[in-house]
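Student: One file: protein.cif (mmCIF, C-alpha atoms).
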data_protein
loop_
_atom_site.label_atom_id
_atom_site.label_comp_id
_atom_site.auth_asym_id
_atom_site.auth_seq_id
_atom_site.Cartn_x
_atom_site.Cartn_y
_atom_site.Cartn_z
CA MET X 7 -16.13 -2.31 21.55
CA ALA X 8 -13.24 -0.63 19.73
CA VAL X 9 -10.05 -2.55 19.00
CA ALA X 10 -6.79 -0.58 18.83
CA VAL X 11 -4.15 -1.31 16.19
CA ASN X 12 -0.72 -0.38 17.57
CA ALA X 13 2.77 -0.32 16.09
CA PRO X 14 4.73 -3.48 16.99
CA MET X 15 7.92 -1.44 17.70
CA ALA X 16 9.34 2.05 17.41
CA GLY X 17 9.79 3.41 13.89
CA LYS X 18 8.38 5.70 11.22
CA LEU X 19 4.92 5.13 9.77
CA LEU X 20 5.22 4.95 5.98
CA ALA X 21 1.61 4.29 4.91
CA VAL X 22 -1.88 3.54 6.17
CA ASN X 23 -3.47 1.17 3.64
CA VAL X 24 -7.09 1.52 4.79
CA GLY X 25 -9.59 4.32 5.21
CA VAL X 26 -12.36 5.10 7.66
CA GLY X 27 -15.32 2.83 6.94
CA ASP X 28 -13.25 0.09 5.29
CA HIS X 29 -13.99 -3.49 6.32
CA VAL X 30 -10.92 -5.50 7.32
CA LYS X 31 -10.42 -9.12 8.28
CA GLU X 32 -8.16 -10.43 11.01
CA ASN X 33 -4.53 -10.51 9.77
CA ASP X 34 -5.17 -8.11 6.85
CA PRO X 35 -2.25 -5.69 6.36
CA VAL X 36 -3.48 -2.23 7.38
CA ALA X 37 -0.28 -0.16 7.53
CA VAL X 38 3.44 -0.19 6.78
CA MET X 39 6.23 1.19 8.96
CA GLU X 40 10.00 1.40 8.78
CA ALA X 41 12.16 0.24 11.66
CA MET X 42 15.84 -0.71 11.66
CA LYS X 43 15.98 -0.01 7.88
CA MET X 44 13.29 -2.65 7.21
CA GLU X 45 9.70 -2.24 6.05
CA ILE X 46 7.33 -3.92 8.48
CA LYS X 47 3.67 -4.60 7.75
CA ILE X 48 1.17 -3.99 10.51
CA PHE X 49 -1.68 -6.49 10.53
CA SER X 50 -5.20 -6.16 11.89
CA PRO X 51 -5.61 -8.02 15.20
CA ALA X 52 -9.33 -8.60 14.54
CA SER X 53 -12.03 -8.30 11.90
CA GLY X 54 -14.09 -5.12 11.84
CA VAL X 55 -14.68 -1.71 10.32
CA VAL X 56 -12.07 1.07 10.53
CA LYS X 57 -13.56 3.61 12.95
CA GLU X 58 -10.79 6.23 12.99
CA ILE X 59 -7.21 6.74 11.88
CA LEU X 60 -5.07 8.40 14.53
CA ALA X 61 -1.57 8.41 12.97
CA SER X 62 -0.32 9.71 9.64
CA PRO X 63 2.54 8.76 7.32
CA GLY X 64 5.83 10.30 8.38
CA GLN X 65 4.92 10.19 12.07
CA VAL X 66 7.26 8.41 14.48
CA VAL X 67 5.29 5.68 16.26
CA GLY X 68 5.96 3.20 19.04
CA PRO X 69 4.20 0.27 20.70
CA GLU X 70 2.07 2.70 22.73
CA THR X 71 0.92 4.57 19.60
CA VAL X 72 -2.59 3.72 18.39
CA ILE X 73 -2.48 3.89 14.60
CA LEU X 74 -6.17 3.18 14.02
CA THR X 75 -9.20 1.73 15.74
CA LEU X 76 -11.64 -0.93 14.59
CA GLU X 77 -15.23 -1.35 15.60
#
Produce structure tokens that represent the structure in this file.
Tutor:
Amino acid sequence: MAVAVNAPMAGKLLAVNVGVGDHVKENDPVAVMEAMKMEIKIFSPASGVVKEILASPGQVVGPETVILTLE
């Protein structure tokens, strides 16, 4: 079952720190975004393997935006 990693709030995605096929653990930082002039790390909600990356740096994201999925 795939697990979605979403942005915690609206802002601009600065970096995705993982690639497809990478193994991540719960609470590993997987991306960085900018919101309200602050850099905010986005953490993995679960352990798994990155299945696909759906957002790219520079893209404006919000809580409904799936940045990547884990399997």
Student: Just want the 6 Å neighbourhood of stretch 20-30 of chain X, counted on all atoms listed in the file, with same-chain residues fewer than 4 positions away dropped. Output as a list in words.
Tutor: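 Counting only the stated atoms, we get Val36, Ala37, Val38, Met39, Ser53, Gly54, Val55, Val56, Lys57, Glu58, Pro63 and Gly64 of chain X.
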Student: Between atom CA of X:Met44 and atom CA of X:Leu74, what distance in Å does the model show, to one decimal?
Tutor: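 Interatomic distance, atom CA of X:Met44 to atom CA of X:Leu74: 21.4 Å.
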Student: Using only C-alpha atoms, which residues sit within 7 Å of X:Pro35 once same-chain residues fewer than 4 positions away are excluded, as a PyMOL selection string?
Tutor: chain X and resi 47-50
Student: Just how far from atom CA of X:Thr75 is atom CA of X:Met42, in Å to one decimal?
Tutor: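 The value is 25.5 Å.
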Student: From the options X:Val66, X:Leu60, X:Ala10, X:Leu76, which residue's atoms come nearest to X:Ala41, counting all atoms listed in the file?
Tutor: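 The answer is X:Val66, which sits nearest to X:Ala41.
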Student: Could you state the separation of atom CA of X:Leu19 and atom CA of X:Val72 in Å, given to one decimal place?
Tutor: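 Answer for the atom CA of X:Leu19 to atom CA of X:Val72 separation: 11.5 Å.
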